[in-house]
$ cat structure.txt   # compact mmCIF, C-alpha atoms and all ligand atoms
# COMPACT_ATOMS: atom_id res chain seq x y z
CA MET I 1 81.35 88.94 133.42
CA PHE I 2 81.64 87.03 130.14
CA ASN I 3 85.24 86.86 128.90
CA ILE I 4 86.42 85.77 125.46
CA ALA I 5 90.16 85.12 125.18
CA ILE I 6 91.84 85.13 121.78
CA ASP I 7 95.46 84.26 121.10
CA GLY I 8 97.21 83.76 117.82
CA THR I 9 100.17 84.29 115.59
CA THR I 10 101.16 87.68 114.24
CA SER I 11 99.03 88.88 111.27
CA SER I 12 96.66 85.94 111.70
CA GLY I 13 93.63 88.25 111.60
CA LYS I 14 93.00 88.02 115.35
CA SER I 15 92.86 91.79 115.85
CA THR I 16 90.31 92.32 113.12
CA LEU I 17 88.35 89.33 114.39
CA SER I 18 88.40 90.69 117.95
CA GLY I 19 87.18 94.06 116.70
CA GLN I 20 84.28 92.59 114.72
CA LEU I 21 83.31 90.05 117.33
CA SER I 22 83.24 92.60 120.14
CA LYS I 23 81.08 94.92 118.01
CA ARG I 24 78.56 92.18 117.23
CA LEU I 25 78.33 91.12 120.87
CA GLY I 26 78.40 94.64 122.32
CA PHE I 27 81.49 93.76 124.36
CA LYS I 28 84.60 95.80 125.12
CA ARG I 29 87.76 94.78 123.35
CA LEU I 30 91.26 94.87 124.78
CA ASP I 31 94.20 94.66 122.36
CA THR I 32 97.00 93.59 124.70
CA GLY I 33 99.68 93.73 121.99
CA ALA I 34 99.04 97.48 121.92
CA ILE I 35 99.91 97.66 125.63
CA TYR I 36 103.28 95.93 125.07
CA ARG I 37 103.84 98.20 122.08
CA GLY I 38 103.16 101.24 124.31
CA VAL I 39 105.80 99.98 126.75
CA ALA I 40 108.29 99.67 123.86
CA CYS I 41 107.49 103.24 122.76
CA ASN I 42 108.30 104.43 126.27
CA PHE I 43 111.59 102.50 126.23
CA LYS I 44 112.53 104.22 122.99
CA ARG I 45 111.32 107.64 124.16
CA ARG I 46 113.58 107.39 127.22
CA ASN I 47 116.62 106.31 125.16
CA LEU I 48 117.28 103.36 127.44
CA GLY I 49 119.72 101.85 124.96
CA VAL I 50 120.23 98.13 124.46
CA VAL I 51 117.51 95.87 125.89
CA ASN I 52 118.95 93.90 128.82
CA GLU I 53 118.20 93.26 132.51
CA ASN I 54 119.58 96.70 133.48
CA SER I 55 117.67 98.77 130.98
CA ILE I 56 114.48 96.79 131.71
CA ALA I 57 114.95 97.50 135.44
CA GLN I 58 115.31 101.19 134.63
CA LEU I 59 112.21 101.07 132.47
CA LEU I 60 110.17 99.48 135.25
CA GLN I 61 111.33 101.95 137.88
CA HIS I 62 108.87 104.40 136.44
CA LEU I 63 106.23 102.85 134.23
CA GLU I 64 102.60 103.86 134.53
CA ILE I 65 100.27 102.40 131.94
CA GLU I 66 96.72 103.63 131.42
CA ILE I 67 94.15 102.40 128.94
CA LYS I 68 91.39 104.76 127.84
CA PHE I 69 88.68 104.46 125.22
CA LYS I 70 87.85 107.50 123.10
CA ASP I 71 85.13 107.00 120.47
CA ASP I 72 85.62 103.26 120.90
CA ILE I 73 89.32 103.51 120.04
CA GLN I 74 91.76 102.07 122.57
CA HIS I 75 94.39 104.58 123.66
CA VAL I 76 97.58 103.51 125.41
CA ILE I 77 99.02 106.16 127.71
CA VAL I 78 102.44 105.51 129.20
CA ASN I 79 103.88 107.83 131.82
CA GLY I 80 101.32 110.41 130.77
CA VAL I 81 102.12 110.28 127.03
CA ASP I 82 99.46 109.00 124.63
CA GLU I 83 101.47 106.60 122.41
CA THR I 84 98.50 105.42 120.32
CA ASP I 85 99.75 106.94 117.05
CA ASN I 86 103.26 105.52 117.50
CA LEU I 87 102.46 101.86 118.11
CA ARG I 88 102.47 100.36 114.63
CA THR I 89 105.85 100.95 113.01
CA GLU I 90 108.18 98.07 112.07
CA GLU I 91 110.75 99.46 114.52
CA ILE I 92 108.29 99.33 117.41
CA SER I 93 107.09 95.86 116.32
CA MET I 94 110.65 94.54 116.55
CA LEU I 95 111.44 96.34 119.82
CA THR I 96 108.21 95.03 121.33
CA SER I 97 109.08 91.45 120.45
CA ILE I 98 112.39 91.90 122.31
CA ILE I 99 110.97 93.65 125.38
CA SER I 100 107.75 91.66 125.89
CA PRO I 101 109.47 88.36 126.88
CA TYR I 102 110.84 89.88 130.12
CA GLN I 103 108.93 88.42 133.05
CA LYS I 104 108.87 91.69 135.01
CA VAL I 105 107.35 93.47 132.03
CA ARG I 106 104.69 90.75 131.71
CA GLU I 107 103.86 90.94 135.43
CA LYS I 108 103.28 94.65 135.11
CA VAL I 109 100.84 94.17 132.25
CA LEU I 110 99.14 91.13 133.83
CA ASN I 111 97.25 92.97 136.57
CA LEU I 112 95.97 95.57 134.21
CA GLN I 113 94.57 92.86 131.91
CA ARG I 114 92.91 90.85 134.70
CA ASP I 115 91.40 93.97 136.21
CA PHE I 116 89.89 94.82 132.82
CA ALA I 117 88.35 91.36 132.46
CA GLN I 118 86.83 91.53 135.94
CA LYS I 119 85.10 94.80 135.16
CA ASN I 120 83.97 94.21 131.57
CA ASP I 121 82.29 91.69 129.31
CA CYS I 122 85.18 91.59 126.89
CA VAL I 123 87.11 90.14 124.01
CA MET I 124 90.78 90.18 124.99
CA GLU I 125 93.45 89.30 122.44
CA GLY I 126 97.15 88.64 122.67
CA ARG I 127 99.56 85.73 122.99
CA ASP I 128 99.06 84.34 126.50
CA ILE I 129 95.48 85.37 127.22
CA THR I 130 94.02 81.85 126.91
CA THR I 131 96.88 80.24 128.82
CA VAL I 132 98.10 82.68 131.51
CA VAL I 133 96.03 85.85 131.78
CA LEU I 134 92.48 84.41 131.63
CA PRO I 135 92.81 80.63 131.94
CA ASN I 136 89.15 80.49 133.05
CA ALA I 137 87.77 82.55 130.17
CA ASP I 138 84.28 81.52 129.01
CA VAL I 139 85.45 80.98 125.42
CA LYS I 140 88.97 80.60 124.03
CA PHE I 141 90.10 80.90 120.44
CA TYR I 142 93.51 80.28 118.89
CA VAL I 143 93.72 82.04 115.53
CA THR I 144 96.30 81.32 112.86
CA ALA I 145 96.99 81.05 109.14
CA THR I 146 99.93 79.84 107.05
CA PRO I 147 103.08 82.06 107.25
CA GLU I 148 102.78 82.85 103.52
CA GLU I 149 99.18 84.01 103.83
CA ARG I 150 100.00 86.14 106.87
CA ALA I 151 103.05 87.67 105.16
CA LYS I 152 100.92 88.44 102.10
CA ARG I 153 98.38 90.31 104.24
CA ARG I 154 101.11 92.35 105.91
CA TYR I 155 102.92 92.99 102.62
CA LEU I 156 99.73 94.37 101.06
CA GLN I 157 99.38 96.79 103.99
CA TYR I 158 102.87 98.18 103.42
CA LYS I 159 103.41 97.94 99.69
CA ASP I 160 102.51 101.54 98.79
CA LEU I 161 104.72 103.10 101.44
CA PRO I 162 107.93 104.79 100.18
CA SER I 163 110.25 102.34 101.98
CA ALA I 164 108.05 99.25 101.65
CA PRO I 165 109.79 95.94 102.44
CA THR I 166 109.76 93.12 99.88
CA PHE I 167 107.49 90.10 100.37
CA GLU I 168 110.53 87.97 101.27
CA GLU I 169 111.59 90.48 103.94
CA VAL I 170 108.10 90.56 105.43
CA LEU I 171 107.99 86.74 105.49
CA ALA I 172 111.42 86.45 107.15
CA ASP I 173 110.47 89.08 109.72
CA LEU I 174 107.23 87.32 110.51
CA LYS I 175 108.93 83.94 110.98
CA LEU I 176 111.44 85.55 113.34
CA ARG I 177 108.66 87.02 115.44
CA ASP I 178 106.77 83.69 115.49
CA GLU I 179 109.96 82.06 116.72
CA ARG I 180 110.33 84.61 119.53
CA ASP I 181 106.64 84.37 120.51
CA GLU I 182 106.68 80.57 120.62
CA HIS I 183 110.01 79.89 122.28
CA ARG I 184 110.36 82.39 125.07
CA GLN I 185 110.29 81.36 128.70
CA TYR I 186 107.36 83.46 129.94
CA GLY I 187 103.98 84.01 128.33
CA LYS I 188 104.81 82.10 125.20
CA LEU I 189 102.29 81.58 122.45
CA ALA I 190 100.71 78.14 122.79
CA VAL I 191 97.40 76.49 122.05
CA ALA I 192 95.40 76.11 125.28
CA LYS I 193 93.91 72.63 125.77
CA ASP I 194 90.36 73.93 125.60
CA ALA I 195 90.85 76.52 122.84
CA VAL I 196 89.00 76.33 119.54
CA VAL I 197 91.60 76.57 116.76
CA ILE I 198 90.53 78.86 113.90
CA ASP I 199 92.59 78.70 110.69
CA THR I 200 91.86 81.88 108.73
CA THR I 201 93.79 80.80 105.59
CA GLY I 202 91.55 81.42 102.58
CA LYS I 203 88.65 82.65 104.69
CA THR I 204 87.15 86.14 104.69
CA LEU I 205 86.86 88.15 107.85
CA GLY I 206 83.07 87.78 107.69
CA GLU I 207 83.31 84.00 107.54
CA VAL I 208 85.73 83.83 110.46
CA THR I 209 83.61 86.18 112.56
CA ASP I 210 80.45 84.16 111.81
CA ILE I 211 82.15 80.94 112.95
CA CYS I 212 83.34 82.50 116.21
CA GLU I 213 80.08 84.33 116.90
CA ASN I 214 78.11 81.08 116.53
CA ILE I 215 80.38 79.32 119.00
CA VAL I 216 80.10 82.18 121.51
CA ARG I 217 76.30 82.41 121.24
CA LYS I 218 75.95 78.67 121.86
CA ILE I 219 78.09 78.89 124.97
CA GLN I 220 76.20 81.98 126.17
CA LYS I 221 72.90 80.07 125.83
CA GLY I 222 74.27 77.19 127.87
CA LYS I 223 75.24 79.47 130.79
O1 LIG I 301 99.63 91.43 118.63
P1 LIG I 301 100.77 92.40 118.30
O2 LIG I 301 101.49 92.07 117.01
O3 LIG I 301 100.33 93.83 118.36
O4 LIG I 301 101.83 92.17 119.48
C1 LIG I 301 102.98 92.97 119.57
C2 LIG I 301 104.07 92.23 120.33
O5 LIG I 301 103.69 92.05 121.69
C3 LIG I 301 104.44 90.85 119.81
O6 LIG I 301 105.85 90.79 119.72
C4 LIG I 301 103.98 89.88 120.85
C5 LIG I 301 103.82 90.71 122.09
N1 LIG I 301 102.66 90.34 122.87
C6 LIG I 301 102.86 89.57 123.98
O7 LIG I 301 104.00 89.21 124.27
N2 LIG I 301 101.81 89.22 124.76
C7 LIG I 301 100.57 89.60 124.46
N3 LIG I 301 99.55 89.26 125.25
C8 LIG I 301 100.35 90.40 123.30
C9 LIG I 301 101.43 90.72 122.51

$ encode --input "structure.txt" --output "structure tokens"
Amino acid sequence: MFNIAIDGTTSSGKSTLSGQLSKRLGFKRLDTGAIYRGVACNFKRRNLGVVNENSIAQLLQHLEIEIKFKDDIQHVIVNGVDETDNLRTEEISMLTSIISPYQKVREKVLNLQRDFAQKNDCVMEGRDITTVVLPNADVKFYVTATPEERAKRRYLQYKDLPSAPTFEEVLADLKLRDERDEHRQYGKLAVAKDAVVIDTTGKTLGEVTDICENIVRKIQKGK
């Protein structure tokens, strides 16, 4: 199987890049952030309270995660409930960044991710895919952009909603999540030694996808 691993900061454009790149190559795409988000939805659904060792142990006592693709859209099903429509609220984003650092949670998600890569030519994106999940991936990318550019992208997504946050709030929120992603003990966001760093600041999605596709095609030819 040919595996492409993509890690990067929040709102760096890595999800959109993964989507486009997998389409062009005819590969499957696995959004691993969506899996952690699904776990957070289940935590909330079960009213497990404050996140700590006890509530995480309770969560893990019964946690079955399934990934299904319907019309090319990734669905995350947790304990039989399809959480796909609930994954992308600010509340779930915050809860996910608190729950995902727990090692036991990461171990649970790890097998699912590796199994997927063994069975599929794929583009897998997340935070620790290049470093922990698929350290032997055929191609590795680390995608980022300046905090201001990333906050602007996120702000534009929200700005027409009734309770839209201000730009400053979005920026502060994003920096907090970067901090959590980069400084936790397990599965922290880091640039793998052999990753190609892609800075998307000021670049269009098409330009970024072209750059990555060219790199992948060259490596495919060499195999
Ligand atoms: O990529 P995203 O914003 O959907 O990720 C949601 C959260 O999950 C974010 O707080 C980081 C975490 N995450 C992780 O810990 N490991 C991954 N492989 C992917 C995401």

$ residues_near_ligand --input "structure.txt" --ligand "ligand LIG 301 (chain I)" --cutoff "10 Å" --atoms "all atoms listed in the file" --output "VMD selection string"
chain I and resid 6 to 15 31 to 40 87 to 88 92 to 102 105 to 106 109 to 110 113 124 to 130 132 to 133 174 176 to 178 180 to 182 184 186 to 189

$ residues_around --input "structure.txt" --residues "Arg114 in chain I" --least-positions-apart "2" --cutoff "12 Å" --atoms "only C-alpha atoms" --output "list in words"
Met1, Asn3, Ala5, Leu30, Thr32, Glu107, Lys108, Val109, Leu110, Asn111, Leu112, Phe116, Ala117, Gln118, Lys119, Asn120, Asp121, Cys122, Met124, Ile129, Thr130, Val132, Val133, Leu134, Pro135, Asn136 and Ala137 of chain I

$ closest_residue --input "structure.txt" --among "I:Asp160, I:Glu169, I:Glu179, I:Glu91" --to "Lys44 in chain I" --atoms "all atoms listed in the file"
I:Glu91

$ residues_around --input "structure.txt" --residues "range 55-61 of chain I" --least-positions-apart "2" --cutoff "8 Å" --atoms "only C-alpha atoms" --output "list in words"
Phe43, Leu48, Gly49, Val50, Val51, Asn52, Glu53, Leu63, Ile99, Tyr102, Lys104 and Val105 of chain I

$ atom_distance --input "structure.txt" --atom1 "CA of Thr144 in chain I" --atom2 "CA of Ser22 in chain I"
18.7 Å

$ residues_around --input "structure.txt" --residues "Ile215 in chain I" --least-positions-apart "2" --cutoff "12 Å" --atoms "all atoms listed in the file" --output "list in words"
Ile4, Leu21, Asp138, Val139, Lys140, Phe141, Ala195, Val196, Val197, Ile198, Val208, Thr209, Asp210, Ile211, Cys212, Glu213, Arg217, Lys218, Ile219, Gln220, Lys221 and Gly222 of chain I

$ closest_residue --input "structure.txt" --among "I:Asp115, I:Arg46, I:Val123, I:Glu64" --to "Lys23 in chain I" --atoms "all atoms listed in the file"
I:Val123

$ residues_near_point --input "structure.txt" --point "(88.8, 91.0, 106.9)" --cutoff "8 Å" --atoms "all atoms listed in the file" --output "count of residues only"
6

$ atom_distance --input "structure.txt" --atom1 "CA of Arg29 in chain I" --atom2 "CA of Lys223 in chain I"
21.1 Å

$ atom_distance --input "structure.txt" --atom1 "CA of Tyr142 in chain I" --atom2 "CA of Ser18 in chain I"
11.6 Å

$ closest_residue --input "structure.txt" --among "I:Lys70, I:His183, I:His75, I:Lys175" --to "Arg150 in chain I" --atoms "only C-alpha atoms"
I:Lys175

$ axis_aligned_box --input "structure.txt" --around "range 130-140 of chain I" --padding-each-side "8 Å" --output "lines of an AutoDock Vina configuration file"
center_x = 91.2
center_y = 83.0
center_z = 128.5
size_x = 29.8
size_y = 21.6
size_z = 25.0

$ closest_residue --input "structure.txt" --among "I:Ile65, I:Val170, I:Ile73, I:Ala190" --to "Lys28 in chain I" --atoms "only C-alpha atoms"
I:Ile73

$ decode --input "structure.txt" --residues "range 115-151 of chain I" --atoms "N, CA, C and O atoms" --output "compact mmCIF listing (two decimals), in the first residue's frame"
# COMPACT_ATOMS: atom_id res chain seq x y z
N ASP I 115 -4.62 -0.02 10.96
CA ASP I 115 -5.37 -1.01 10.20
C ASP I 115 -5.84 -0.41 8.87
O ASP I 115 -5.74 -1.03 7.81
N PHE I 116 -6.30 0.82 8.92
CA PHE I 116 -6.78 1.51 7.72
C PHE I 116 -5.64 1.64 6.70
O PHE I 116 -5.81 1.39 5.51
N ALA I 117 -4.47 2.03 7.18
CA ALA I 117 -3.32 2.25 6.29
C ALA I 117 -2.83 0.94 5.67
O ALA I 117 -2.32 0.92 4.55
N GLN I 118 -2.99 -0.15 6.41
CA GLN I 118 -2.56 -1.44 5.87
C GLN I 118 -3.47 -1.92 4.75
O GLN I 118 -3.05 -2.64 3.86
N LYS I 119 -4.73 -1.48 4.81
CA LYS I 119 -5.71 -1.99 3.85
C LYS I 119 -5.93 -1.06 2.66
O LYS I 119 -6.58 -1.45 1.70
N ASN I 120 -5.47 0.19 2.77
CA ASN I 120 -5.81 1.17 1.73
C ASN I 120 -4.60 2.01 1.31
O ASN I 120 -3.81 2.42 2.16
N ASP I 121 -4.52 2.31 -0.01
CA ASP I 121 -3.67 3.41 -0.44
C ASP I 121 -4.36 4.64 0.13
O ASP I 121 -5.55 4.85 -0.16
N CYS I 122 -3.67 5.42 0.93
CA CYS I 122 -4.43 6.49 1.60
C CYS I 122 -3.63 7.74 1.89
O CYS I 122 -2.40 7.74 1.91
N VAL I 123 -4.39 8.81 2.10
CA VAL I 123 -3.86 10.05 2.65
C VAL I 123 -4.45 10.12 4.05
O VAL I 123 -5.66 10.14 4.21
N MET I 124 -3.58 10.12 5.07
CA MET I 124 -4.09 10.16 6.44
C MET I 124 -3.60 11.45 7.09
O MET I 124 -2.42 11.75 7.05
N GLU I 125 -4.53 12.20 7.67
CA GLU I 125 -4.10 13.48 8.26
C GLU I 125 -4.45 13.59 9.73
O GLU I 125 -5.46 13.04 10.17
N GLY I 126 -3.58 14.31 10.45
CA GLY I 126 -3.81 14.47 11.89
C GLY I 126 -2.73 15.30 12.53
O GLY I 126 -2.33 16.34 12.00
N ARG I 127 -2.24 14.83 13.70
CA ARG I 127 -1.19 15.54 14.41
C ARG I 127 0.07 14.69 14.61
O ARG I 127 1.17 15.21 14.68
N ASP I 128 -0.15 13.37 14.74
CA ASP I 128 0.99 12.48 15.02
C ASP I 128 1.07 11.36 13.99
O ASP I 128 1.59 10.30 14.27
N ILE I 129 0.55 11.61 12.81
CA ILE I 129 0.54 10.56 11.79
C ILE I 129 1.95 10.33 11.25
O ILE I 129 2.40 9.20 11.12
N THR I 130 2.69 11.43 11.00
CA THR I 130 4.04 11.29 10.44
C THR I 130 5.04 10.78 11.49
O THR I 130 6.05 10.21 11.14
N THR I 131 4.73 11.02 12.76
CA THR I 131 5.71 10.71 13.81
C THR I 131 5.42 9.40 14.55
O THR I 131 6.33 8.66 14.88
N VAL I 132 4.14 9.12 14.82
CA VAL I 132 3.80 7.96 15.67
C VAL I 132 3.00 6.90 14.91
O VAL I 132 3.32 5.71 14.95
N VAL I 133 1.96 7.34 14.22
CA VAL I 133 1.02 6.36 13.64
C VAL I 133 1.64 5.66 12.43
O VAL I 133 1.63 4.43 12.34
N LEU I 134 2.18 6.44 11.49
CA LEU I 134 2.77 5.86 10.27
C LEU I 134 4.20 6.39 10.08
O LEU I 134 4.47 7.11 9.11
N PRO I 135 5.11 6.04 10.97
CA PRO I 135 6.47 6.58 10.83
C PRO I 135 7.17 6.12 9.55
O PRO I 135 8.14 6.73 9.13
N ASN I 136 6.64 5.04 8.93
CA ASN I 136 7.25 4.56 7.68
C ASN I 136 6.42 4.92 6.45
O ASN I 136 6.53 4.25 5.41
N ALA I 137 5.60 5.94 6.57
CA ALA I 137 4.77 6.36 5.42
C ALA I 137 5.66 6.67 4.22
O ALA I 137 6.82 7.07 4.38
N ASP I 138 5.11 6.49 3.01
CA ASP I 138 5.90 6.71 1.79
C ASP I 138 6.22 8.19 1.59
O ASP I 138 7.28 8.54 1.08
N VAL I 139 5.28 9.06 1.96
CA VAL I 139 5.50 10.50 1.86
C VAL I 139 4.94 11.15 3.12
O VAL I 139 3.88 10.75 3.61
N LYS I 140 5.65 12.16 3.63
CA LYS I 140 5.18 12.87 4.82
C LYS I 140 5.17 14.37 4.56
O LYS I 140 6.16 14.91 4.06
N PHE I 141 4.05 14.99 4.93
CA PHE I 141 3.98 16.45 4.82
C PHE I 141 3.65 17.04 6.18
O PHE I 141 2.85 16.47 6.94
N TYR I 142 4.24 18.22 6.46
CA TYR I 142 3.86 18.99 7.64
C TYR I 142 3.33 20.32 7.11
O TYR I 142 4.06 21.07 6.46
N VAL I 143 2.05 20.58 7.37
CA VAL I 143 1.39 21.74 6.77
C VAL I 143 1.14 22.81 7.84
O VAL I 143 0.63 22.50 8.92
N THR I 144 1.49 24.04 7.52
CA THR I 144 1.22 25.11 8.48
C THR I 144 1.03 26.44 7.75
O THR I 144 1.13 26.53 6.53
N ALA I 145 0.70 27.46 8.54
CA ALA I 145 0.59 28.84 8.04
C ALA I 145 0.69 29.72 9.27
O ALA I 145 0.62 29.21 10.40
N THR I 146 0.84 31.02 9.09
CA THR I 146 0.97 31.88 10.27
C THR I 146 -0.33 31.83 11.09
O THR I 146 -1.41 31.59 10.53
N PRO I 147 -0.26 32.06 12.42
CA PRO I 147 -1.48 32.04 13.24
C PRO I 147 -2.52 33.03 12.72
O PRO I 147 -3.71 32.72 12.70
N GLU I 148 -2.08 34.21 12.28
CA GLU I 148 -3.03 35.24 11.82
C GLU I 148 -3.78 34.75 10.56
O GLU I 148 -4.97 34.91 10.44
N GLU I 149 -3.05 34.14 9.66
CA GLU I 149 -3.69 33.66 8.42
C GLU I 149 -4.69 32.53 8.75
O GLU I 149 -5.80 32.48 8.23
N ARG I 150 -4.29 31.66 9.67
CA ARG I 150 -5.17 30.55 10.02
C ARG I 150 -6.41 31.06 10.74
O ARG I 150 -7.52 30.60 10.51
N ALA I 151 -6.23 32.05 11.63
CA ALA I 151 -7.38 32.62 12.35
C ALA I 151 -8.31 33.32 11.36
O ALA I 151 -9.53 33.25 11.50
